[in-house]
>>> print(open('entry10.cif').read())   # mmCIF, C-alpha atoms
data_structure
#
loop_
_atom_site.label_atom_id
_atom_site.label_comp_id
_atom_site.auth_asym_id
_atom_site.auth_seq_id
_atom_site.Cartn_x
_atom_site.Cartn_y
_atom_site.Cartn_z
CA MET A 1 19.60 7.82 5.30
CA ARG A 2 21.32 10.30 2.98
CA VAL A 3 19.31 13.51 3.01
CA ILE A 4 19.34 15.99 0.13
CA HIS A 5 17.07 19.02 0.11
CA PHE A 6 14.44 19.17 -2.62
CA SER A 7 14.89 22.14 -4.90
CA VAL A 8 11.24 23.14 -4.47
CA THR A 9 9.94 25.92 -2.28
CA VAL A 10 6.51 25.21 -0.85
CA MET A 11 4.35 26.40 1.96
CA THR A 12 4.43 24.03 4.90
CA PRO A 13 1.07 22.22 5.02
CA THR A 14 -0.96 23.56 7.90
CA SER A 15 -2.20 20.08 8.85
CA LEU A 16 1.25 19.01 10.06
CA ARG A 17 1.89 19.01 13.80
CA HIS A 18 4.88 19.36 16.14
CA LEU A 19 7.13 20.85 13.46
CA ASP A 20 9.51 22.58 15.88
CA GLU A 21 10.13 19.28 17.66
CA ALA A 22 10.49 17.50 14.31
CA HIS A 23 13.19 19.89 13.10
CA ALA A 24 14.99 19.69 16.44
CA ARG A 25 14.99 15.88 16.49
CA PHE A 26 15.42 15.04 12.81
CA GLY A 27 17.25 18.04 11.36
CA THR A 28 17.81 17.79 7.62
CA LEU A 29 15.54 14.76 7.32
CA ALA A 30 12.65 16.82 8.67
CA ALA A 31 13.45 19.64 6.25
CA ALA A 32 13.49 17.23 3.31
CA TYR A 33 10.29 15.52 4.47
CA VAL A 34 8.34 18.74 4.90
CA GLY A 35 9.65 20.07 1.59
CA ALA A 36 8.56 16.84 -0.10
CA MET A 37 4.94 17.62 0.82
CA GLY A 38 4.94 19.91 -2.22
CA VAL A 39 6.51 17.42 -4.63
CA GLY A 40 4.68 14.75 -6.60
CA ASP A 41 6.40 12.56 -9.19
CA PRO A 42 7.72 14.84 -11.97
CA LEU A 43 8.34 12.04 -14.49
CA ALA A 44 4.98 10.27 -14.10
CA ASP A 45 3.17 13.60 -13.76
CA ALA A 46 4.61 14.79 -17.09
CA PHE A 47 3.36 11.64 -18.84
CA VAL A 48 -0.12 12.04 -17.35
CA ALA A 49 -0.15 15.69 -18.46
CA ASP A 50 0.44 14.48 -22.02
CA LEU A 51 -2.62 12.23 -21.92
CA HIS A 52 -4.97 15.19 -22.10
CA GLY A 53 -2.58 18.01 -22.88
CA PRO A 54 -1.25 19.46 -26.14
CA ALA A 55 0.19 16.06 -27.11
CA GLY A 56 -3.39 14.81 -27.30
CA LEU A 57 -2.53 11.17 -26.59
CA GLY A 58 -5.82 10.36 -24.96
CA HIS A 59 -6.12 8.18 -21.88
CA GLY A 60 -6.67 4.84 -23.61
CA ARG A 61 -3.91 5.26 -26.17
CA GLY A 62 -1.45 6.53 -23.58
CA MET A 63 -2.10 3.64 -21.19
CA ARG A 64 -1.67 1.14 -24.04
CA MET A 65 1.70 2.75 -24.77
CA LEU A 66 2.61 2.39 -21.11
CA ARG A 67 1.78 -1.32 -21.07
CA THR A 68 3.68 -1.95 -24.29
CA ALA A 69 6.74 -0.18 -22.90
CA CYS A 70 6.51 -2.32 -19.74
CA ARG A 71 6.16 -5.59 -21.66
CA GLU A 72 8.40 -5.00 -24.69
CA GLY A 73 10.53 -1.97 -23.89
CA ILE A 74 10.23 1.68 -24.80
CA ASP A 75 11.70 1.09 -28.27
CA ALA A 76 8.60 -0.96 -29.07
CA VAL A 77 6.61 2.30 -28.87
CA PRO A 78 7.95 4.28 -31.85
CA ASP A 79 5.49 7.14 -31.39
CA ALA A 80 6.06 7.41 -27.63
CA PRO A 81 6.04 11.00 -26.32
CA ASP A 82 9.18 12.41 -24.74
CA SER A 83 7.53 12.21 -21.33
CA LEU A 84 7.11 8.42 -21.61
CA ARG A 85 10.67 8.01 -22.86
CA ALA A 86 11.96 10.04 -19.92
CA LEU A 87 9.94 7.92 -17.49
CA PHE A 88 11.35 4.69 -18.89
CA ALA A 89 14.86 6.08 -19.03
CA GLN A 90 14.62 6.24 -15.24
CA LEU A 91 12.84 2.89 -14.90
CA ASP A 92 15.35 1.10 -17.16
CA ASP A 93 18.36 2.58 -15.36
CA THR A 94 18.56 -0.06 -12.63
CA PRO A 95 20.55 1.27 -9.65
CA ALA A 96 23.86 -0.43 -8.91
CA TRP A 97 22.64 -1.42 -5.45
CA VAL A 98 19.82 -3.62 -6.80
CA ASP A 99 20.43 -7.39 -6.70
CA THR A 100 17.15 -9.10 -7.52
CA ASP A 101 18.69 -12.59 -7.60
CA ARG A 102 19.93 -12.16 -4.04
CA ILE A 103 16.52 -10.91 -2.91
CA ASP A 104 14.81 -13.92 -4.48
CA ARG A 105 17.28 -16.39 -2.95
CA ARG A 106 16.84 -14.94 0.50
CA THR A 107 13.04 -14.87 0.40
CA ARG A 108 12.28 -18.17 -1.32
CA HIS A 109 10.65 -19.62 1.81
CA VAL A 110 8.70 -16.63 3.16
CA ALA A 111 5.42 -18.03 1.80
CA ARG A 112 5.37 -20.40 4.79
CA TYR A 113 3.68 -17.57 6.70
CA THR A 114 1.06 -16.72 4.08
CA ARG A 115 -1.88 -17.08 6.49
CA GLN A 116 -0.43 -14.60 8.96
CA ALA A 117 0.74 -12.22 6.22
CA GLY A 118 -2.80 -11.84 4.83
CA ILE A 119 -4.18 -10.69 8.17
CA VAL A 120 -1.19 -8.42 8.78
CA LEU A 121 -1.69 -6.75 5.39
CA GLY A 122 -5.12 -5.51 6.37
CA ALA A 123 -4.89 -5.05 10.14
CA ALA A 124 -1.40 -3.53 10.23
CA SER A 125 -0.18 -2.27 6.83
CA LEU A 126 -3.39 -0.75 5.45
CA VAL A 127 -4.98 0.35 8.72
CA SER A 128 -1.81 2.12 9.87
CA GLY A 129 -2.04 4.38 6.83
CA TYR A 130 -5.55 5.46 7.81
CA ALA A 131 -4.33 7.30 10.93
CA ASN A 132 -3.59 10.40 8.85
CA SER A 133 -6.43 12.57 7.57
CA ALA A 134 -4.29 14.24 4.88
CA ALA A 135 -2.57 11.11 3.51
CA SER A 136 -5.87 9.22 3.35
CA ARG A 137 -7.74 12.14 1.75
CA PRO A 138 -7.21 10.79 -1.82
CA LEU A 139 -9.00 7.61 -0.77
CA GLU A 140 -11.86 9.70 0.50
CA MET A 141 -12.14 11.84 -2.61
CA THR A 142 -11.97 8.92 -5.04
CA GLY A 143 -14.41 6.98 -2.87
CA ARG A 144 -12.78 3.61 -3.45
CA TYR A 145 -12.23 2.17 0.01
CA VAL A 146 -15.41 2.94 1.89
CA ASP A 147 -17.50 2.00 -1.14
CA ASP A 148 -15.82 -1.37 -1.68
CA ALA A 149 -13.07 -2.11 0.84
CA GLY A 150 -12.84 -5.82 0.12
CA ALA A 151 -12.31 -5.46 -3.62
CA ARG A 152 -9.73 -2.72 -3.19
CA THR A 153 -7.80 -4.85 -0.69
CA VAL A 154 -7.79 -7.70 -3.22
CA GLU A 155 -6.17 -5.32 -5.74
CA VAL A 156 -3.41 -4.36 -3.30
CA ALA A 157 -2.82 -7.99 -2.31
CA SER A 158 -2.56 -9.04 -5.95
CA TRP A 159 0.12 -6.43 -6.62
CA LEU A 160 2.07 -7.41 -3.51
CA SER A 161 1.86 -11.07 -4.48
CA ALA A 162 3.21 -10.35 -7.96
CA VAL A 163 6.22 -8.35 -6.76
CA SER A 164 7.02 -10.99 -4.14
CA GLU A 165 7.10 -13.92 -6.58
CA PRO A 166 10.51 -15.24 -7.67
CA GLY A 167 11.50 -12.96 -10.54
CA GLY A 168 8.75 -10.50 -9.57
CA LEU A 169 11.18 -7.57 -9.65
CA GLU A 170 12.71 -8.38 -13.03
CA ARG A 171 12.38 -5.84 -15.81
CA PHE A 172 9.78 -7.66 -17.92
CA SER A 173 7.91 -9.40 -15.11
CA PRO A 174 4.22 -8.88 -14.27
CA GLY A 175 5.35 -7.40 -10.94
CA PHE A 176 7.36 -4.71 -12.71
CA GLU A 177 4.42 -3.77 -14.92
CA LEU A 178 1.98 -3.63 -12.04
CA THR A 179 4.37 -1.41 -10.05
CA VAL A 180 4.77 1.01 -12.94
CA ARG A 181 1.00 1.12 -13.38
CA VAL A 182 0.56 1.82 -9.66
CA ARG A 183 2.96 4.74 -10.12
CA VAL A 184 0.96 6.14 -13.03
CA ILE A 185 -2.33 5.57 -11.17
CA HIS A 186 -0.90 7.76 -8.40
CA ALA A 187 -0.09 10.42 -10.98
CA LEU A 188 -3.58 10.23 -12.50
CA VAL A 189 -5.18 10.64 -9.08
CA ARG A 190 -2.76 13.46 -8.24
CA ALA A 191 -3.63 15.36 -11.42
CA ASP A 192 -7.36 14.90 -10.88
CA LEU A 193 -7.40 15.95 -7.24
CA SER A 194 -5.13 18.93 -7.86
CA ARG A 195 -7.78 20.34 -10.21
CA ARG A 196 -10.63 19.90 -7.75
CA PRO A 197 -11.61 22.91 -5.62
CA GLU A 198 -12.11 20.79 -2.54
CA TRP A 199 -8.43 19.76 -2.49
CA ASP A 200 -6.90 22.07 0.17
CA ALA A 201 -3.27 22.29 -0.93
CA ALA A 202 -2.43 24.76 1.84
CA ALA A 203 -3.52 22.22 4.45
CA TRP A 204 -2.47 18.95 2.79
CA GLY A 205 0.26 19.73 0.26
CA VAL A 206 0.38 17.89 -3.07
CA PRO A 207 -1.89 14.82 -3.39
CA ILE A 208 0.15 11.63 -2.87
CA SER A 209 3.27 13.69 -2.19
CA GLN A 210 6.82 12.39 -2.08
CA ALA A 211 6.67 12.47 1.73
CA TYR A 212 3.63 10.23 2.04
CA LEU A 213 4.73 8.04 -0.86
CA ALA A 214 7.99 7.37 0.99
CA TYR A 215 6.03 6.41 4.09
CA THR A 216 4.18 3.81 2.02
CA LEU A 217 7.41 1.78 2.08
CA VAL A 218 7.21 1.78 5.89
CA GLU A 219 3.63 0.51 5.66
CA PHE A 220 4.71 -2.45 3.53
CA ALA A 221 8.07 -3.31 5.11
CA LEU A 222 8.77 -2.12 8.65
CA ILE A 223 5.19 -2.32 9.93
CA PRO A 224 4.30 -5.79 8.59
CA LEU A 225 7.68 -7.23 9.60
CA ARG A 226 7.09 -6.00 13.13
CA ALA A 227 3.50 -7.26 13.11
CA MET A 228 4.57 -10.70 11.91
CA ARG A 229 6.82 -10.97 14.96
CA GLN A 230 3.92 -9.88 17.18
CA VAL A 231 1.70 -12.70 15.90
CA GLY A 232 4.47 -15.27 16.21
CA ALA A 233 5.53 -15.57 12.57
CA PRO A 234 9.04 -14.07 12.62
CA TYR A 235 11.10 -14.06 9.45
CA ARG A 236 14.76 -14.99 9.66
CA PRO A 237 17.38 -12.18 9.68
CA HIS A 238 18.41 -12.65 6.04
CA GLU A 239 14.74 -12.62 5.00
CA VAL A 240 14.21 -9.36 6.85
CA ASP A 241 17.21 -7.76 5.17
CA ALA A 242 15.93 -8.91 1.78
CA ALA A 243 12.50 -7.44 2.49
CA TYR A 244 14.01 -4.00 3.05
CA ALA A 245 16.09 -4.40 -0.12
CA ARG A 246 12.98 -5.36 -2.08
CA TRP A 247 11.09 -2.30 -0.89
CA ARG A 248 14.01 0.00 -1.51
CA TYR A 249 13.90 -1.02 -5.17
CA LEU A 250 10.09 -0.91 -5.29
CA GLY A 251 10.27 2.61 -3.87
CA HIS A 252 12.64 3.55 -6.69
CA LEU A 253 10.22 2.11 -9.28
CA LEU A 254 7.31 3.93 -7.64
CA GLY A 255 9.12 7.23 -8.05
CA VAL A 256 10.36 7.88 -4.50
CA GLN A 257 13.34 10.19 -4.97
CA GLU A 258 16.68 9.53 -3.33
CA PRO A 259 16.36 12.09 -0.52
CA LEU A 260 13.58 10.09 1.14
CA LEU A 261 14.17 6.58 -0.21
CA PRO A 262 14.89 4.41 2.87
CA ARG A 263 17.70 1.93 2.44
CA ASP A 264 17.26 -0.29 5.49
CA ALA A 265 15.45 -0.82 8.78
CA ALA A 266 17.15 2.12 10.48
CA ASP A 267 16.07 4.50 7.72
CA GLN A 268 12.50 3.23 7.88
CA GLU A 269 12.39 3.53 11.66
CA ARG A 270 13.48 7.19 11.50
CA LEU A 271 10.94 7.91 8.78
CA GLU A 272 8.19 6.28 10.83
CA GLU A 273 9.08 8.31 13.92
CA LEU A 274 9.01 11.54 11.91
CA TYR A 275 5.72 10.63 10.24
CA LEU A 276 4.02 9.74 13.53
CA LEU A 277 5.24 12.93 15.17
CA THR A 278 3.97 15.24 12.42
CA ARG A 279 0.92 13.38 11.06
CA PRO A 280 -2.33 15.35 10.82
CA PRO A 281 -5.05 14.33 13.27
CA VAL A 282 -7.48 11.52 12.60
CA ASP A 283 -10.92 12.54 11.35
CA ASP A 284 -14.26 10.79 10.87
CA PHE A 285 -13.32 9.51 7.43
CA CYS A 286 -10.24 7.77 8.86
CA ARG A 287 -12.51 6.03 11.33
CA ASP A 288 -14.93 5.12 8.54
CA LEU A 289 -12.07 3.58 6.57
CA VAL A 290 -11.14 1.34 9.48
CA ALA A 291 -14.75 0.34 10.14
CA SER A 292 -15.19 -0.46 6.45
CA ILE A 293 -12.11 -2.65 6.03
CA ASN A 294 -12.98 -4.43 9.28
CA ALA A 295 -16.58 -5.18 8.35
CA ASP A 296 -16.04 -5.89 4.67
CA PHE A 297 -12.73 -7.70 4.76
CA LEU A 298 -10.87 -8.47 7.98
CA VAL A 299 -13.72 -9.97 9.98
CA ALA A 300 -14.60 -12.15 7.01
CA GLU A 301 -10.97 -13.22 6.70
CA ILE A 302 -10.80 -14.28 10.33
CA GLU A 303 -14.02 -16.23 9.78
CA GLY A 304 -12.43 -17.82 6.72
CA VAL A 305 -9.59 -19.36 8.73
CA THR A 306 -11.52 -20.41 11.85
CA PRO A 307 -14.26 -23.01 12.53
CA ARG A 308 -17.82 -21.71 12.25
CA PRO A 309 -18.54 -21.86 16.03
CA LEU A 310 -15.79 -19.26 16.55
CA HIS A 311 -17.06 -16.81 13.94
CA ARG A 312 -18.87 -14.71 16.54
CA PHE A 313 -15.48 -13.85 18.06
CA ALA A 314 -14.00 -12.64 14.75
CA PRO A 315 -14.68 -8.89 15.31
CA THR A 316 -13.07 -9.05 18.74
CA VAL A 317 -10.02 -10.81 17.32
CA VAL A 318 -9.66 -8.14 14.63
CA HIS A 319 -9.91 -5.35 17.20
CA ALA A 320 -7.35 -7.03 19.44
CA LEU A 321 -4.90 -7.47 16.58
CA GLU A 322 -5.31 -3.84 15.51
CA ARG A 323 -4.73 -2.56 19.02
CA VAL A 324 -1.56 -4.65 19.27
CA PHE A 325 -0.29 -3.55 15.86
CA LEU A 326 -1.23 0.14 16.10
CA GLY A 327 -0.72 0.81 19.78
CA GLU A 328 -3.41 1.95 22.17
CA GLN A 329 -3.26 5.67 21.33
CA ILE A 330 -3.73 5.36 17.56
CA ALA A 331 -6.28 2.58 18.00
CA ASP A 332 -8.30 4.88 20.27
CA GLU A 333 -8.11 7.69 17.71
CA LEU A 334 -9.34 5.36 14.96
CA GLY A 335 -12.25 4.13 17.06
CA VAL A 336 -11.03 0.55 17.41
CA PRO A 337 -12.98 -0.81 20.40
CA PRO A 338 -10.97 -1.92 23.44
CA THR A 339 -11.05 -5.61 24.24
CA ARG A 340 -9.77 -7.86 26.99
CA LEU A 341 -8.33 -10.09 24.28
CA VAL A 342 -5.37 -7.74 23.75
CA PRO A 343 -3.24 -9.23 26.58
CA VAL A 344 -3.98 -12.71 25.23
CA VAL A 345 -2.69 -11.76 21.77
CA ARG A 346 0.40 -10.19 23.35
CA ARG A 347 1.15 -13.43 25.23
CA VAL A 348 0.26 -15.90 22.47
CA GLY A 349 2.40 -14.15 19.85
CA PRO A 350 5.78 -14.74 21.54
CA ALA A 351 4.86 -18.35 22.34
CA LEU A 352 3.99 -19.03 18.71
CA GLY A 353 7.15 -17.20 17.71
CA LEU A 354 9.31 -19.61 19.70
CA LEU A 355 7.50 -22.58 18.14
CA ASN A 356 7.85 -21.25 14.59
CA ALA A 357 11.46 -20.24 15.10
CA GLY A 358 12.15 -23.81 16.17
CA LEU A 359 10.49 -25.15 13.05
CA ASP A 360 12.50 -22.71 10.93
CA ARG A 361 15.70 -24.26 12.24
CA LEU A 362 14.59 -27.56 10.72
CA GLY A 363 15.78 -26.82 7.20
CA PRO A 364 13.88 -29.57 5.37
CA THR A 365 10.54 -28.17 6.62
CA LEU A 366 11.03 -24.79 4.95
CA PRO A 367 10.34 -25.70 1.29
CA VAL A 368 7.41 -27.90 2.30
CA ARG A 369 5.80 -25.18 4.41
CA ALA A 370 6.47 -22.58 1.72
CA ARG A 371 4.84 -24.78 -0.91
CA LEU A 372 1.77 -25.25 1.30
CA GLY A 373 1.68 -21.51 1.89
CA ARG A 374 1.70 -20.77 -1.84
CA ARG A 375 -1.15 -23.24 -2.39
CA TYR A 376 -3.14 -21.57 0.38
CA GLN A 377 -2.43 -18.15 -1.14
CA ALA A 378 -3.68 -19.26 -4.55
CA ARG A 379 -6.88 -20.66 -3.03
CA GLN A 380 -7.43 -17.52 -1.00
CA GLU A 381 -6.97 -15.22 -3.96
CA ALA A 382 -9.35 -17.27 -6.06
CA ARG A 383 -11.92 -17.25 -3.25
CA LEU A 384 -11.60 -13.51 -2.64
CA ARG A 385 -11.91 -12.72 -6.31
CA ARG A 386 -15.01 -14.89 -6.51
CA ASP A 387 -16.53 -13.44 -3.35
CA TRP A 388 -15.94 -9.83 -4.38
CA GLY A 389 -16.43 -10.21 -8.12
CA VAL A 390 -12.93 -8.96 -8.92
CA GLU A 391 -11.61 -10.08 -12.31
CA HIS A 392 -9.12 -7.23 -12.94
CA ASP A 393 -5.72 -6.59 -11.38
CA LEU A 394 -5.57 -2.83 -10.65
CA VAL A 395 -8.16 -0.07 -10.64
CA ASP A 396 -7.08 1.24 -14.06
CA ALA A 397 -8.34 -2.06 -15.52
CA SER A 398 -11.52 -2.25 -13.45
CA PRO A 399 -14.83 -2.30 -15.33
CA ALA A 400 -16.67 0.91 -16.04
CA GLY A 401 -19.77 1.67 -14.04
CA GLY A 402 -20.31 2.91 -10.55
CA ARG A 403 -18.27 5.81 -9.30
CA PRO A 404 -15.92 7.31 -11.92
CA HIS A 405 -12.20 7.06 -11.22
CA PRO A 406 -9.32 9.04 -12.78
CA ALA A 407 -7.29 5.84 -13.26
CA ARG A 408 -9.87 4.77 -15.86
CA GLY A 409 -9.70 8.14 -17.58
CA GLU A 410 -13.18 9.10 -16.39
CA PRO A 411 -14.10 12.60 -15.22
CA THR A 412 -14.68 12.52 -11.49
CA ILE A 413 -17.74 13.71 -9.68
CA THR A 414 -17.27 16.53 -7.22
CA PRO A 415 -19.28 15.42 -4.20
CA THR A 416 -22.04 17.77 -3.10
CA GLY A 417 -22.88 15.71 -0.06
CA PRO A 418 -20.88 13.17 1.93
CA ALA A 419 -17.42 12.44 0.51
CA ARG A 420 -18.32 8.78 0.07
CA GLY A 421 -19.98 9.42 -3.28
CA ASP A 422 -23.45 9.99 -4.64
CA ASP A 423 -26.33 7.98 -5.98
CA ARG A 424 -24.26 6.83 -8.93
CA ALA A 425 -21.79 4.99 -6.72
CA ARG A 426 -21.80 1.23 -7.08
CA PRO A 427 -23.64 -0.46 -4.21
CA ARG A 428 -21.45 -2.38 -1.82
CA PRO A 429 -21.84 -6.13 -2.34
CA ALA A 430 -23.44 -8.18 0.37
CA ARG A 431 -20.92 -9.97 2.54
CA PRO A 432 -20.55 -13.51 1.25
CA THR A 433 -21.75 -16.25 3.54
CA GLY A 434 -21.93 -19.99 3.52
CA PRO A 435 -19.40 -22.41 2.03
CA ALA A 436 -17.66 -19.73 -0.03
CA ARG A 437 -16.31 -18.26 3.15
CA GLY A 438 -14.93 -21.55 4.37
CA ARG A 439 -11.31 -22.47 4.61
#
>>> encode(input="entry10.cif", output="structure tokens")
Amino acid sequence: MRVIHFSVTVMTPTSLRHLDEAHARFGTLAAAYVGAMGVGDPLADAFVADLHGPAGLGHGRGMRMLRTACREGIDAVPDAPDSLRALFAQLDDTPAWVDTDRIDRRTRHVARYTRQAGIVLGAASLVSGYANSAASRPLEMTGRYVDDAGARTVEVASWLSAVSEPGGLERFSPGFELTVRVRVIHALVRADLSRRPEWDAAAWGVPISQAYLAYTLVEFALIPLRAMRQVGAPYRPHEVDAAYARWRYLGHLLGVQEPLLPRDAADQERLEELYLLTRPPVDDFCRDLVASINADFLVAEIEGVTPRPLHRFAPTVVHALERVFLGEQIADELGVPPTRLVPVVRRVGPALGLLNAGLDRLGPTLPVRARLGRRYQARQEARLRRDWGVEHDLVDASPAGGRPHPARGEPTITPTGPARGDDRARPRPARPTGPARGR
């Protein structure tokens, strides 16, 4: 990983741990990472500042401009502010190292493992990010995950599905637009939280900082790739390489600056080691996040892919998977109950891996399995959207009502009680039961 120091001087967040060891082990990478705690996304932040600043764009008008620029190009927005033009100058300047055709060719059969990937998304990718009280603080203060974990997970899954489709990284694809909107949603949340007195910048740095944004790539590449091997669904070497290439480009589109943008597995592994060494301690909200996604989403998903007589074992299966994916120490911190099923998962995974690797060597099976996987994915998304009443794609397009969110241009409520919200928060839907939860 090429490391360049950020030209920003900030106070080191007090929530970070083991900094002397971090600097000794990681040198300039540690310096760049800690410095990035005080950096947001200057291009997206400038556009968001124009929504309610002197430019007077207004939230609705500005977001319509953003969508038009995504779908038709910046020249289709003749009255675009300079901030939006600067943002799209960066987005339209595709790096020389990007080869989307190669990525698509090398990942055309990864949908064969759709069933496993859905579980890994929740139990490995998302849950791993909850083991950090500072990085997960924006989720706490916007109240989205504990209030409605299932619906929010559907939003993330929909974005990941779009960027993983053939052509999903192309300039005018739905995946490109969704990624740019995710970037601006981050900026909207960053601006909102930075104004709120309860945001402790001295302890946590900038909301959704460059450092934690870079680690998001680890959550969606290194961690799920490793977890897929652990459950016996290993991707082939060229598919793994393409996954890192995909997330390198997605990181660029999301605004991760070159100093911390991981290029490959080695870069992501170093970033993960640094993150785990310095991460702030887990708090009660982190544990609440895990309990919420387990109860509202993961347990139901295990029930959805197993016969009804086995549904009573679903919570234990979820806990075993999380302990395998996270490791015993982090699982303990997050309050994931211990279970005797962990050794079983550890043994079954390699056995299934040998079986699936053998199938992967039978070339003619790959397109058939991938096609079946895509059909399953479509059914699952339709079911989840029906079960959770989700008709939108991302939170900026979610219906008004319930707890206000900065992505919708609504003034947020400063909690006076628990950080989960107040009496205006939308009630959590009852967990669906019956045939709708079937396979």
>>> closest_residue(input="entry10.cif", among="A:Ala22, A:Phe325, A:Phe297, A:Val317", to="A:Arg152", atoms="only C-alpha atoms")
A:Phe297
>>> closest_residue(input="entry10.cif", among="A:Ala233, A:Ala245, A:Val48, A:Leu384", to="A:Asp192", atoms="only C-alpha atoms")
A:Val48
>>> resolve_selection(input="entry10.cif", expression="the PyMOL selection byres ((chain A and resi 119) around 10)", output="compact mmCIF listing (two decimals) with C-alpha atoms, in the coordinates of the input")
# COMPACT_ATOMS: atom_id res chain seq x y z
CA THR A 114 1.06 -16.72 4.08
CA ARG A 115 -1.88 -17.08 6.49
CA GLN A 116 -0.43 -14.60 8.96
CA ALA A 117 0.74 -12.22 6.22
CA GLY A 118 -2.80 -11.84 4.83
CA VAL A 120 -1.19 -8.42 8.78
CA LEU A 121 -1.69 -6.75 5.39
CA GLY A 122 -5.12 -5.51 6.37
CA ALA A 123 -4.89 -5.05 10.14
CA ALA A 124 -1.40 -3.53 10.23
CA SER A 125 -0.18 -2.27 6.83
CA PRO A 224 4.30 -5.79 8.59
CA ALA A 227 3.50 -7.26 13.11
CA MET A 228 4.57 -10.70 11.91
CA VAL A 231 1.70 -12.70 15.90
CA PHE A 297 -12.73 -7.70 4.76
CA LEU A 298 -10.87 -8.47 7.98
CA VAL A 299 -13.72 -9.97 9.98
CA GLU A 301 -10.97 -13.22 6.70
CA ILE A 302 -10.80 -14.28 10.33
CA VAL A 318 -9.66 -8.14 14.63
CA LEU A 321 -4.90 -7.47 16.58
>>> resolve_selection(input="entry10.cif", expression="the PyMOL selection byres ((chain A and resi 320) around 12)", output="ChimeraX atom specification")
/A:123-124,230-231,294,299,313-319,321-328,331-332,336-346
>>> closest_residue(input="entry10.cif", among="A:Gly335, A:Pro237, A:Gly27, A:Gly255", to="A:Ala214", atoms="all atoms listed in the file")
A:Gly255
>>> resolve_selection(input="entry10.cif", expression="the PyMOL selection byres ((chain A and resi 52-65) around 8)", output="PyMOL selection string")
chain A and resi 48-51+66-69+77+80-81+408-409
>>> closest_residue(input="entry10.cif", among="A:Gln329, A:Ser292, A:Gln210, A:Ser161", to="A:Glu258", atoms="all atoms listed in the file")
A:Gln210
>>> residues_around(input="entry10.cif", residues="A:Ala243", least_positions_apart="2", cutoff="12 Å", atoms="all atoms listed in the file", output="mmCIF file with C-alpha atoms, in the frame of the given file")
data_model
loop_
_atom_site.group_PDB
_atom_site.id
_atom_site.type_symbol
_atom_site.label_atom_id
_atom_site.label_comp_id
_atom_site.auth_asym_id
_atom_site.auth_seq_id
_atom_site.Cartn_x
_atom_site.Cartn_y
_atom_site.Cartn_z
ATOM 1 C CA THR A 100 17.150 -9.100 -7.520
ATOM 2 C CA ARG A 102 19.930 -12.160 -4.040
ATOM 3 C CA ILE A 103 16.520 -10.910 -2.910
ATOM 4 C CA ASP A 104 14.810 -13.920 -4.480
ATOM 5 C CA ARG A 105 17.280 -16.390 -2.950
ATOM 6 C CA ARG A 106 16.840 -14.940 0.500
ATOM 7 C CA THR A 107 13.040 -14.870 0.400
ATOM 8 C CA ARG A 108 12.280 -18.170 -1.320
ATOM 9 C CA VAL A 110 8.700 -16.630 3.160
ATOM 10 C CA VAL A 163 6.220 -8.350 -6.760
ATOM 11 C CA SER A 164 7.020 -10.990 -4.140
ATOM 12 C CA LEU A 217 7.410 1.780 2.080
ATOM 13 C CA VAL A 218 7.210 1.780 5.890
ATOM 14 C CA PHE A 220 4.710 -2.450 3.530
ATOM 15 C CA ALA A 221 8.070 -3.310 5.110
ATOM 16 C CA LEU A 222 8.770 -2.120 8.650
ATOM 17 C CA ILE A 223 5.190 -2.320 9.930
ATOM 18 C CA PRO A 224 4.300 -5.790 8.590
ATOM 19 C CA LEU A 225 7.680 -7.230 9.600
ATOM 20 C CA TYR A 235 11.100 -14.060 9.450
ATOM 21 C CA ARG A 236 14.760 -14.990 9.660
ATOM 22 C CA PRO A 237 17.380 -12.180 9.680
ATOM 23 C CA HIS A 238 18.410 -12.650 6.040
ATOM 24 C CA GLU A 239 14.740 -12.620 5.000
ATOM 25 C CA VAL A 240 14.210 -9.360 6.850
ATOM 26 C CA ASP A 241 17.210 -7.760 5.170
ATOM 27 C CA ALA A 245 16.090 -4.400 -0.120
ATOM 28 C CA ARG A 246 12.980 -5.360 -2.080
ATOM 29 C CA TRP A 247 11.090 -2.300 -0.890
ATOM 30 C CA ARG A 248 14.010 0.000 -1.510
ATOM 31 C CA TYR A 249 13.900 -1.020 -5.170
ATOM 32 C CA LEU A 250 10.090 -0.910 -5.290
ATOM 33 C CA ARG A 263 17.700 1.930 2.440
ATOM 34 C CA ASP A 264 17.260 -0.290 5.490
ATOM 35 C CA ALA A 265 15.450 -0.820 8.780
ATOM 36 C CA GLN A 268 12.500 3.230 7.880
#
>>> closest_residue(input="entry10.cif", among="A:Leu160, A:Leu260, A:Ala89, A:Leu139", to="A:Cys70", atoms="all atoms listed in the file")
A:Ala89
>>> atom_distance(input="entry10.cif", atom1="atom CA of A:Glu177", atom2="atom CA of A:Leu213")
18.4 Å
>>> closest_residue(input="entry10.cif", among="A:Leu193, A:Ala382, A:Leu274, A:Leu352", to="A:His18", atoms="all atoms listed in the file")
A:Leu274
>>> atom_distance(input="entry10.cif", atom1="atom CA of A:Thr179", atom2="atom CA of A:Val256")
12.4 Å
>>> residues_around(input="entry10.cif", residues="stretch 203-209 of chain A", least_positions_apart="4", cutoff="7 Å", atoms="all atoms listed in the file", output="number ranges by chain")
A: 13-15, 36-40, 134-135, 138, 186, 190, 193-194, 213
>>> residues_near_point(input="entry10.cif", point="(-9.5, -5.2, -13.8)", cutoff="12 Å", atoms="only C-alpha atoms", output="list in words")
Ala151, Arg152, Val154, Glu155, Ser158, Leu178, Arg385, Gly389, Val390, Glu391, His392, Asp393, Leu394, Val395, Asp396, Ala397, Ser398, Pro399, Ala400, Ala407 and Arg408 of chain A
